[in-house]
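Participant: Structure provided below as structure tokens; questions to follow.
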2 protein chains.
Amino acid sequence: MDLTIGQVAERTGLSVHTLRFYEKEGVLARPPRRAAGGHRLYAEHDVEWLNLCVVLRGSGMPLPEIRRYTELARSGAGTEPARLELLRAHQQRLRDQLAELGRCMDVITHKVHCYEDYLAQHDAAQ
Amino acid sequence: MDLTIGQVAERTGLSVHTLRFYEKEGVLARPPRRAAGGHRLYAEHDVEWLNLCVVLRGSGMPLPEIRRYTELARSGAGTEPARLELLRAHQQRLRDQLAELGRCMDVITHKVHCYEDYLAQHDAAQ
DNA sequence: GTAGGAACTAGAGTCGGCTCTAGCACAAGC
DNA sequence: GCTTGTGCTAGAGCCGACTCTAGTTCCTAC
């Protein structure tokens, strides 16, 4: 039932290095247990938590804020409103970012069309 | 008709520092002319070019690639196919990124709903 | 002519987020 | 029992993209 750091790396897409780094940064709800020889032992829920963190990171949440969210979750009951607020704020930022990227996409698509038209014209002339 | 670096900063949203930095990085089609005292003099088309660069950067294109695009544009006629290819590649990356961010948004929205439901339940129980 | 703000240069510093190194311990398969 | 791979720690290094500093010069308005 326990997973090695390598197995967790495989299941989260994070590198072994990054997993240790995240642990140091307080991204894990609690540090994993250790085997006799000092090797980390992860549980399934650690993987789930990390996969959520991957989503948060992948959408641009900075590590300190992920740590804050983790701390709230670690504190347990009563912190739900704060957690909700944090997620909502991130959701809004993400919405804004999507809108901004959409505008960028429009500009780029327009540029692409300009070049396509130009080249179509140019090729036809030959 | 000429613009100072400060005016260009205002019109592009870039800082004066960043404008000089971009110039050093070869992001400008050609370095701006200089006034008698050595101050940079920008033309309107520099602002347009920079605004395109802002869009490219804002959508995640790294500076070396922007420089490459700039160099192609500087080389003039004949480089249009290469420019088109570069833009198309970026467009594809942007599409992928938008899709990825959309998936992140779905996960986060789901999380938000979980908390909302939980809190609604919790509040009703009081 | 002088004060204050804007611009100049070269180069150093910062920041976030990894990523890698060194040197060593442990473990699994033959 | 030995090799090969995986893991451990602490800490250094790297990368991209700015961002700022120091020391100086230039322009504008009084």
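Convention: chains lettered A, B, ... in structure tokens order; per-chain residue numbering from 1; ligands numbered from 1 as shown.
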Once chain A is superposed on chain B with a least-squares fit on all C-alpha pairs taken in order, can you show it as a short mmCIF file (atom, residue, chain, number, x, y, z; two decimals) with C-alpha atoms, in the first residue's frame?
Facilitator:
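Written out: result_25.cif:
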data_model
loop_
_atom_site.label_atom_id
_atom_site.label_comp_id
_atom_site.auth_asym_id
_atom_site.auth_seq_id
_atom_site.Cartn_x
_atom_site.Cartn_y
_atom_site.Cartn_z
CA MET A 1 6.49 62.38 -34.18
CA ASP A 2 9.34 60.89 -32.20
CA LEU A 3 8.72 59.32 -28.84
CA THR A 4 10.92 59.20 -25.77
CA ILE A 5 11.54 55.96 -23.94
CA GLY A 6 9.17 57.11 -21.22
CA GLN A 7 6.36 57.67 -23.70
CA VAL A 8 6.96 54.26 -25.25
CA ALA A 9 6.91 52.72 -21.78
CA GLU A 10 3.53 54.30 -21.20
CA ARG A 11 2.11 53.09 -24.52
CA THR A 12 3.35 49.53 -24.27
CA GLY A 13 2.94 48.94 -20.55
CA LEU A 14 6.61 47.95 -20.36
CA SER A 15 8.97 49.66 -17.94
CA VAL A 16 11.78 51.89 -19.13
CA HIS A 17 14.19 49.29 -17.76
CA THR A 18 12.50 46.54 -19.73
CA LEU A 19 12.59 48.56 -22.95
CA ARG A 20 16.35 48.95 -22.71
CA PHE A 21 16.68 45.30 -21.75
CA TYR A 22 14.59 44.20 -24.74
CA GLU A 23 16.70 46.33 -27.03
CA LYS A 24 19.83 44.63 -25.73
CA GLU A 25 18.12 41.28 -26.29
CA GLY A 26 17.48 42.12 -29.93
CA VAL A 27 13.72 42.34 -29.62
CA LEU A 28 13.54 45.59 -31.58
CA ALA A 29 13.62 45.34 -35.35
CA ARG A 30 16.35 47.93 -35.29
CA PRO A 31 17.76 50.02 -32.43
CA PRO A 32 16.01 53.37 -32.15
CA ARG A 33 17.68 56.51 -33.44
CA ARG A 34 19.29 58.80 -30.93
CA ALA A 35 18.75 62.46 -30.17
CA ALA A 36 21.70 64.83 -29.93
CA GLY A 37 22.22 64.01 -26.26
CA GLY A 38 22.15 60.26 -26.78
CA HIS A 39 18.50 59.81 -25.78
CA ARG A 40 16.55 57.18 -27.69
CA LEU A 41 13.99 58.33 -30.25
CA TYR A 42 11.28 55.81 -31.06
CA ALA A 43 8.92 55.90 -34.02
CA GLU A 44 5.28 54.87 -34.05
CA HIS A 45 6.07 51.56 -35.76
CA ASP A 46 8.41 50.67 -32.89
CA VAL A 47 5.45 50.93 -30.55
CA GLU A 48 3.39 48.70 -32.80
CA TRP A 49 6.16 46.16 -32.98
CA LEU A 50 6.62 46.22 -29.23
CA ASN A 51 2.92 45.78 -28.69
CA LEU A 52 3.08 42.65 -30.79
CA CYS A 53 6.03 41.49 -28.72
CA VAL A 54 4.03 42.13 -25.57
CA VAL A 55 1.33 39.84 -26.91
CA LEU A 56 3.86 37.15 -27.79
CA ARG A 57 5.55 37.41 -24.38
CA GLY A 58 2.20 37.58 -22.62
CA SER A 59 1.28 34.31 -24.25
CA GLY A 60 4.50 32.67 -23.14
CA MET A 61 6.85 32.99 -26.09
CA PRO A 62 10.41 33.05 -24.72
CA LEU A 63 12.62 36.01 -25.55
CA PRO A 64 15.03 34.03 -27.75
CA GLU A 65 12.16 33.02 -29.98
CA ILE A 66 10.88 36.58 -30.16
CA ARG A 67 14.40 37.58 -31.15
CA ARG A 68 14.36 34.94 -33.86
CA TYR A 69 11.05 36.27 -35.18
CA THR A 70 12.46 39.79 -35.08
CA GLU A 71 15.53 38.71 -37.02
CA LEU A 72 13.36 37.11 -39.67
CA ALA A 73 11.25 40.23 -39.96
CA ARG A 74 14.38 42.35 -40.14
CA SER A 75 15.70 40.22 -42.99
CA GLY A 76 12.66 41.30 -44.98
CA ALA A 77 11.09 39.60 -47.98
CA GLY A 78 11.52 35.85 -48.41
CA THR A 79 11.31 35.02 -44.72
CA GLU A 80 7.52 35.01 -44.63
CA PRO A 81 7.17 31.21 -44.67
CA ALA A 82 9.55 30.92 -41.72
CA ARG A 83 7.71 33.64 -39.84
CA LEU A 84 4.39 31.95 -40.51
CA GLU A 85 5.76 28.64 -39.30
CA LEU A 86 7.05 30.22 -36.11
CA LEU A 87 3.72 31.87 -35.40
CA ARG A 88 1.81 28.69 -36.15
CA ALA A 89 3.99 26.72 -33.75
CA HIS A 90 3.34 29.28 -31.06
CA GLN A 91 -0.36 29.27 -31.83
CA GLN A 92 -0.41 25.53 -31.33
CA ARG A 93 1.41 25.77 -28.03
CA LEU A 94 -1.05 28.41 -26.96
CA ARG A 95 -3.97 26.18 -27.93
CA ASP A 96 -2.46 23.39 -25.85
CA GLN A 97 -1.92 25.72 -22.93
CA LEU A 98 -5.49 26.97 -23.10
CA ALA A 99 -6.75 23.39 -23.08
CA GLU A 100 -4.54 22.56 -20.11
CA LEU A 101 -5.67 25.63 -18.19
CA GLY A 102 -9.24 24.71 -19.00
CA ARG A 103 -8.70 21.31 -17.38
CA CYS A 104 -7.17 22.98 -14.34
CA MET A 105 -10.15 25.31 -14.19
CA ASP A 106 -12.50 22.34 -14.19
CA VAL A 107 -10.71 20.75 -11.26
CA ILE A 108 -10.68 23.99 -9.31
CA THR A 109 -14.30 24.75 -10.07
CA HIS A 110 -15.20 21.30 -8.86
CA LYS A 111 -13.25 21.90 -5.65
CA VAL A 112 -14.99 25.22 -5.15
CA HIS A 113 -18.36 23.53 -5.50
CA CYS A 114 -17.38 20.91 -2.98
CA TYR A 115 -16.57 23.57 -0.42
CA GLU A 116 -19.70 25.56 -1.21
CA ASP A 117 -21.87 22.50 -0.71
CA TYR A 118 -20.09 21.58 2.46
CA LEU A 119 -20.46 25.07 3.89
CA ALA A 120 -24.11 25.35 2.83
CA GLN A 121 -24.79 22.12 4.68
CA HIS A 122 -22.81 23.23 7.68
CA ASP A 123 -24.47 26.65 7.89
CA ALA A 124 -27.93 25.16 7.51
CA ALA A 125 -27.24 22.87 10.44
CA GLN A 126 -26.69 25.78 12.79
#
Participant: If you count only C-alpha atoms (C1' of nucleotides), which residues fall within 12 Å of C:DC30, apart from same-chain ones fewer than 3 positions away, as JSON, numbers by chain?
Facilitator: {"D": [1, 2, 3, 4]}
Participant: Go ahead and write the selection's residues with all heavy atoms as a PDB file, in the first residue's frame.
Facilitator:
ATOM      1  P    DG D   1      28.485 -13.895   1.372  1.00  0.00           P
ATOM      2  OP1  DG D   1      28.476 -14.791   0.231  1.00  0.00           O
ATOM      3  OP2  DG D   1      27.978 -13.818   2.672  1.00  0.00           O
ATOM      4  O5'  DG D   1      29.780 -12.839   1.299  1.00  0.00           O
ATOM      5  C5'  DG D   1      30.670 -12.994   0.236  1.00  0.00           C
ATOM      6  C4'  DG D   1      30.289 -12.077  -0.897  1.00  0.00           C
ATOM      7  O4'  DG D   1      28.914 -12.364  -1.269  1.00  0.00           O
ATOM      8  C3'  DG D   1      30.300 -10.568  -0.588  1.00  0.00           C
ATOM      9  O3'  DG D   1      30.664  -9.868  -1.782  1.00  0.00           O
ATOM     10  C2'  DG D   1      28.838 -10.293  -0.281  1.00  0.00           C
ATOM     11  C1'  DG D   1      28.232 -11.143  -1.365  1.00  0.00           C
ATOM     12  N9   DG D   1      26.796 -11.375  -1.274  1.00  0.00           N
ATOM     13  C8   DG D   1      26.010 -11.409  -0.155  1.00  0.00           C
ATOM     14  N7   DG D   1      24.753 -11.638  -0.419  1.00  0.00           N
ATOM     15  C5   DG D   1      24.720 -11.746  -1.809  1.00  0.00           C
ATOM     16  C6   DG D   1      23.629 -11.979  -2.672  1.00  0.00           C
ATOM     17  O6   DG D   1      22.456 -12.149  -2.380  1.00  0.00           O
ATOM     18  N1   DG D   1      24.046 -12.024  -4.005  1.00  0.00           N
ATOM     19  C2   DG D   1      25.326 -11.860  -4.432  1.00  0.00           C
ATOM     20  N2   DG D   1      25.524 -11.937  -5.744  1.00  0.00           N
ATOM     21  N3   DG D   1      26.336 -11.645  -3.641  1.00  0.00           N
ATOM     22  C4   DG D   1      25.972 -11.591  -2.340  1.00  0.00           C
ATOM     23  P    DC D   2      32.112  -9.626  -2.217  1.00  0.00           P
ATOM     24  OP1  DC D   2      32.914 -10.884  -2.273  1.00  0.00           O
ATOM     25  OP2  DC D   2      32.647  -8.477  -1.462  1.00  0.00           O
ATOM     26  O5'  DC D   2      31.795  -9.177  -3.707  1.00  0.00           O
ATOM     27  C5'  DC D   2      30.977 -10.053  -4.503  1.00  0.00           C
ATOM     28  C4'  DC D   2      30.139  -9.259  -5.477  1.00  0.00           C
ATOM     29  O4'  DC D   2      28.729  -9.385  -5.161  1.00  0.00           O
ATOM     30  C3'  DC D   2      30.411  -7.758  -5.530  1.00  0.00           C
ATOM     31  O3'  DC D   2      30.216  -7.356  -6.880  1.00  0.00           O
ATOM     32  C2'  DC D   2      29.311  -7.186  -4.639  1.00  0.00           C
ATOM     33  C1'  DC D   2      28.154  -8.105  -5.066  1.00  0.00           C
ATOM     34  N1   DC D   2      27.003  -8.178  -4.120  1.00  0.00           N
ATOM     35  C2   DC D   2      25.724  -8.458  -4.638  1.00  0.00           C
ATOM     36  O2   DC D   2      25.605  -8.616  -5.850  1.00  0.00           O
ATOM     37  N3   DC D   2      24.670  -8.550  -3.790  1.00  0.00           N
ATOM     38  C4   DC D   2      24.850  -8.376  -2.473  1.00  0.00           C
ATOM     39  N4   DC D   2      23.774  -8.490  -1.688  1.00  0.00           N
ATOM     40  C5   DC D   2      26.138  -8.098  -1.923  1.00  0.00           C
ATOM     41  C6   DC D   2      27.181  -8.000  -2.769  1.00  0.00           C
ATOM     42  P    DT D   3      31.137  -6.188  -7.492  1.00  0.00           P
ATOM     43  OP1  DT D   3      32.300  -6.766  -8.190  1.00  0.00           O
ATOM     44  OP2  DT D   3      31.347  -5.162  -6.433  1.00  0.00           O
ATOM     45  O5'  DT D   3      30.145  -5.655  -8.606  1.00  0.00           O
ATOM     46  C5'  DT D   3      29.444  -6.615  -9.423  1.00  0.00           C
ATOM     47  C4'  DT D   3      28.016  -6.147  -9.636  1.00  0.00           C
ATOM     48  O4'  DT D   3      27.214  -6.270  -8.435  1.00  0.00           O
ATOM     49  C3'  DT D   3      27.905  -4.677 -10.086  1.00  0.00           C
ATOM     50  O3'  DT D   3      27.100  -4.673 -11.258  1.00  0.00           O
ATOM     51  C2'  DT D   3      27.215  -3.993  -8.900  1.00  0.00           C
ATOM     52  C1'  DT D   3      26.376  -5.135  -8.338  1.00  0.00           C
ATOM     53  N1   DT D   3      25.936  -5.053  -6.908  1.00  0.00           N
ATOM     54  C2   DT D   3      24.611  -5.335  -6.602  1.00  0.00           C
ATOM     55  O2   DT D   3      23.786  -5.623  -7.436  1.00  0.00           O
ATOM     56  N3   DT D   3      24.311  -5.277  -5.257  1.00  0.00           N
ATOM     57  C4   DT D   3      25.159  -4.966  -4.220  1.00  0.00           C
ATOM     58  O4   DT D   3      24.755  -4.964  -3.063  1.00  0.00           O
ATOM     59  C5   DT D   3      26.524  -4.675  -4.609  1.00  0.00           C
ATOM     60  C7   DT D   3      27.538  -4.310  -3.561  1.00  0.00           C
ATOM     61  C6   DT D   3      26.850  -4.723  -5.922  1.00  0.00           C
ATOM     62  P    DT D   4      27.233  -3.501 -12.326  1.00  0.00           P
ATOM     63  OP1  DT D   4      27.551  -4.103 -13.630  1.00  0.00           O
ATOM     64  OP2  DT D   4      28.098  -2.427 -11.752  1.00  0.00           O
ATOM     65  O5'  DT D   4      25.727  -2.991 -12.364  1.00  0.00           O
ATOM     66  C5'  DT D   4      24.640  -3.922 -12.164  1.00  0.00           C
ATOM     67  C4'  DT D   4      23.399  -3.156 -11.713  1.00  0.00           C
ATOM     68  O4'  DT D   4      23.269  -3.191 -10.270  1.00  0.00           O
ATOM     69  C3'  DT D   4      23.395  -1.681 -12.126  1.00  0.00           C
ATOM     70  O3'  DT D   4      22.163  -1.422 -12.773  1.00  0.00           O
ATOM     71  C2'  DT D   4      23.569  -0.920 -10.812  1.00  0.00           C
ATOM     72  C1'  DT D   4      22.961  -1.895  -9.790  1.00  0.00           C
ATOM     73  N1   DT D   4      23.517  -1.821  -8.396  1.00  0.00           N
ATOM     74  C2   DT D   4      22.675  -2.129  -7.348  1.00  0.00           C
ATOM     75  O2   DT D   4      21.521  -2.435  -7.486  1.00  0.00           O
ATOM     76  N3   DT D   4      23.265  -2.054  -6.106  1.00  0.00           N
ATOM     77  C4   DT D   4      24.571  -1.712  -5.820  1.00  0.00           C
ATOM     78  O4   DT D   4      24.972  -1.691  -4.667  1.00  0.00           O
ATOM     79  C5   DT D   4      25.384  -1.392  -6.965  1.00  0.00           C
ATOM     80  C7   DT D   4      26.813  -1.006  -6.766  1.00  0.00           C
ATOM     81  C6   DT D   4      24.833  -1.456  -8.190  1.00  0.00           C
TER      82       DT D   4
END
Participant: Taking the DSSP assignment computed from this structure's backbone, write out as a PyMOL selection string all residues of chain B that belong to helix (DSSP H, G or I).
Facilitator: chain B and resi 5-12+16-24+44-58+63-75+80-125
Participant: Sorted by chain and rising residue number, list the residues of chain D at most 12 Å from chain A (counting only C-alpha atoms (C1' of nucleotides)), each with its closest atom pair and distance in Å to one decimal, as a Markdown table.
Facilitator:
| residue | atom | partner | partner_atom | distance |
| --- | --- | --- | --- | --- |
| D:DG5 | C1' | A:Gly6 | CA | 11.4 |
| D:DT6 | C1' | A:Gly6 | CA | 8.0 |
| D:DG7 | C1' | A:His39 | CA | 6.1 |
| D:DC8 | C1' | A:His39 | CA | 7.1 |
| D:DT9 | C1' | A:Arg20 | CA | 10.6 |
| D:DA10 | C1' | A:Lys24 | CA | 11.9 |
Participant: Store the residues picked out above in a file with all heavy atoms, as a compact mmCIF listing (two decimals), in the first residue's frame.
Facilitator:
# COMPACT_ATOMS: atom_id res chain seq x y z
P DG D 5 21.84 0.02 -13.32
OP1 DG D 5 21.24 -0.10 -14.66
OP2 DG D 5 23.01 0.91 -13.12
O5' DG D 5 20.69 0.42 -12.30
C5' DG D 5 19.67 -0.55 -12.00
C4' DG D 5 18.89 -0.09 -10.79
O4' DG D 5 19.69 -0.18 -9.60
C3' DG D 5 18.40 1.36 -10.89
O3' DG D 5 17.06 1.39 -10.41
C2' DG D 5 19.34 2.11 -9.94
C1' DG D 5 19.61 1.05 -8.89
N9 DG D 5 20.85 1.20 -8.12
C8 DG D 5 22.11 1.44 -8.60
N7 DG D 5 23.02 1.49 -7.66
C5 DG D 5 22.31 1.28 -6.49
C6 DG D 5 22.76 1.23 -5.14
O6 DG D 5 23.90 1.38 -4.70
N1 DG D 5 21.70 0.99 -4.26
C2 DG D 5 20.38 0.81 -4.64
N2 DG D 5 19.51 0.59 -3.67
N3 DG D 5 19.96 0.85 -5.89
C4 DG D 5 20.98 1.09 -6.76
P DT D 6 16.13 2.58 -10.79
OP1 DT D 6 14.92 2.00 -11.39
OP2 DT D 6 16.90 3.64 -11.48
O5' DT D 6 15.74 3.12 -9.34
C5' DT D 6 15.24 2.22 -8.36
C4' DT D 6 15.48 2.81 -6.98
O4' DT D 6 16.87 2.76 -6.63
C3' DT D 6 15.09 4.29 -6.89
O3' DT D 6 13.98 4.38 -5.99
C2' DT D 6 16.33 4.99 -6.36
C1' DT D 6 17.12 3.84 -5.77
N1 DT D 6 18.60 4.03 -5.69
C2 DT D 6 19.22 3.93 -4.46
O2 DT D 6 18.61 3.70 -3.43
N3 DT D 6 20.58 4.13 -4.48
C4 DT D 6 21.36 4.40 -5.60
O4 DT D 6 22.57 4.55 -5.48
C5 DT D 6 20.66 4.48 -6.84
C7 DT D 6 21.40 4.77 -8.10
C6 DT D 6 19.32 4.30 -6.84
P DG D 7 13.32 5.74 -5.66
OP1 DG D 7 11.92 5.45 -5.30
OP2 DG D 7 13.62 6.70 -6.74
O5' DG D 7 14.11 6.17 -4.36
C5' DG D 7 14.13 5.31 -3.23
C4' DG D 7 14.99 5.91 -2.13
O4' DG D 7 16.38 5.72 -2.48
C3' DG D 7 14.81 7.42 -1.97
O3' DG D 7 14.17 7.68 -0.71
C2' DG D 7 16.21 7.99 -1.97
C1' DG D 7 17.11 6.78 -1.92
N9 DG D 7 18.31 6.98 -2.74
C8 DG D 7 18.37 7.05 -4.10
N7 DG D 7 19.59 7.25 -4.55
C5 DG D 7 20.37 7.31 -3.42
C6 DG D 7 21.76 7.51 -3.28
O6 DG D 7 22.60 7.68 -4.15
N1 DG D 7 22.14 7.51 -1.93
C2 DG D 7 21.28 7.34 -0.87
N2 DG D 7 21.83 7.38 0.34
N3 DG D 7 19.99 7.14 -0.99
C4 DG D 7 19.60 7.14 -2.29
P DC D 8 14.02 9.13 -0.22
OP1 DC D 8 12.98 9.13 0.83
OP2 DC D 8 13.90 10.03 -1.39
O5' DC D 8 15.43 9.42 0.50
C5' DC D 8 15.70 8.79 1.74
C4' DC D 8 16.97 9.36 2.33
O4' DC D 8 18.07 8.97 1.47
C3' DC D 8 17.02 10.88 2.31
O3' DC D 8 16.47 11.40 3.51
C2' DC D 8 18.51 11.16 2.25
C1' DC D 8 19.09 9.93 1.56
N1 DC D 8 19.58 10.18 0.18
C2 DC D 8 20.91 10.54 -0.02
O2 DC D 8 21.65 10.67 0.97
N3 DC D 8 21.36 10.75 -1.27
C4 DC D 8 20.54 10.60 -2.30
N4 DC D 8 21.03 10.79 -3.53
C5 DC D 8 19.17 10.24 -2.13
C6 DC D 8 18.74 10.05 -0.87
P DT D 9 16.12 12.96 3.51
OP1 DT D 9 15.30 13.19 4.72
OP2 DT D 9 15.63 13.36 2.18
O5' DT D 9 17.54 13.66 3.72
C5' DT D 9 18.32 13.35 4.87
C4' DT D 9 19.59 14.17 4.84
O4' DT D 9 20.38 13.76 3.70
C3' DT D 9 19.31 15.66 4.67
O3' DT D 9 19.70 16.36 5.85
C2' DT D 9 20.16 16.12 3.49
C1' DT D 9 20.92 14.89 3.05
N1 DT D 9 20.83 14.63 1.59
C2 DT D 9 21.94 14.73 0.81
O2 DT D 9 23.03 15.04 1.26
N3 DT D 9 21.75 14.45 -0.51
C4 DT D 9 20.57 14.08 -1.12
O4 DT D 9 20.54 13.86 -2.32
C5 DT D 9 19.43 14.00 -0.25
C7 DT D 9 18.11 13.62 -0.81
C6 DT D 9 19.60 14.27 1.05
P DA D 10 19.17 17.87 6.03
OP1 DA D 10 18.97 18.08 7.48
OP2 DA D 10 18.08 18.14 5.08
O5' DA D 10 20.44 18.70 5.55
C5' DA D 10 21.76 18.17 5.70
C4' DA D 10 22.72 19.04 4.92
O4' DA D 10 22.81 18.55 3.56
C3' DA D 10 22.28 20.50 4.83
O3' DA D 10 23.42 21.32 5.05
C2' DA D 10 21.76 20.64 3.40
C1' DA D 10 22.54 19.58 2.64
N9 DA D 10 21.78 18.98 1.53
C8 DA D 10 20.46 18.66 1.52
N7 DA D 10 20.05 18.13 0.39
C5 DA D 10 21.20 18.10 -0.39
C6 DA D 10 21.45 17.63 -1.70
N6 DA D 10 20.51 17.11 -2.49
N1 DA D 10 22.70 17.75 -2.18
C2 DA D 10 23.65 18.28 -1.40
N3 DA D 10 23.54 18.74 -0.15
C4 DA D 10 22.27 18.61 0.30
Participant: For chain C against chain B, which residues fall within 10 Å using only C-alpha atoms (C1' of nucleotides), given as an MDAnalysis selection string?
Facilitator: chainID C and resid 6:8
Participant: May I have the residues from that selection written out with N, CA, C and O atoms (P, O5', C5', C4', C3', O3' and C1' of nucleotides), as a PDB file, in the first residue's frame?
Facilitator:
ATOM      1  P    DA C   6       9.936  62.655 -14.429  1.00  0.00           P
ATOM      2  O5'  DA C   6      10.853  62.223 -15.664  1.00  0.00           O
ATOM      3  C5'  DA C   6      10.797  62.977 -16.874  1.00  0.00           C
ATOM      4  C4'  DA C   6      11.996  62.607 -17.705  1.00  0.00           C
ATOM      5  C3'  DA C   6      12.148  61.099 -17.944  1.00  0.00           C
ATOM      6  O3'  DA C   6      12.225  60.888 -19.352  1.00  0.00           O
ATOM      7  C1'  DA C   6      14.193  62.042 -17.199  1.00  0.00           C
ATOM      8  P    DA C   7      12.268  59.414 -19.958  1.00  0.00           P
ATOM      9  O5'  DA C   7      13.819  59.243 -20.271  1.00  0.00           O
ATOM     10  C5'  DA C   7      14.472  60.215 -21.050  1.00  0.00           C
ATOM     11  C4'  DA C   7      15.933  59.909 -21.190  1.00  0.00           C
ATOM     12  C3'  DA C   7      16.275  58.420 -21.331  1.00  0.00           C
ATOM     13  O3'  DA C   7      16.891  58.187 -22.597  1.00  0.00           O
ATOM     14  C1'  DA C   7      17.671  59.497 -19.723  1.00  0.00           C
ATOM     15  P    DC C   8      17.440  56.747 -22.924  1.00  0.00           P
ATOM     16  O5'  DC C   8      18.932  56.842 -22.362  1.00  0.00           O
ATOM     17  C5'  DC C   8      19.880  57.640 -23.069  1.00  0.00           C
ATOM     18  C4'  DC C   8      21.253  57.476 -22.443  1.00  0.00           C
ATOM     19  C3'  DC C   8      21.658  56.014 -22.253  1.00  0.00           C
ATOM     20  O3'  DC C   8      22.309  55.517 -23.408  1.00  0.00           O
ATOM     21  C1'  DC C   8      22.184  57.339 -20.317  1.00  0.00           C
TER      22       DC C   8
END
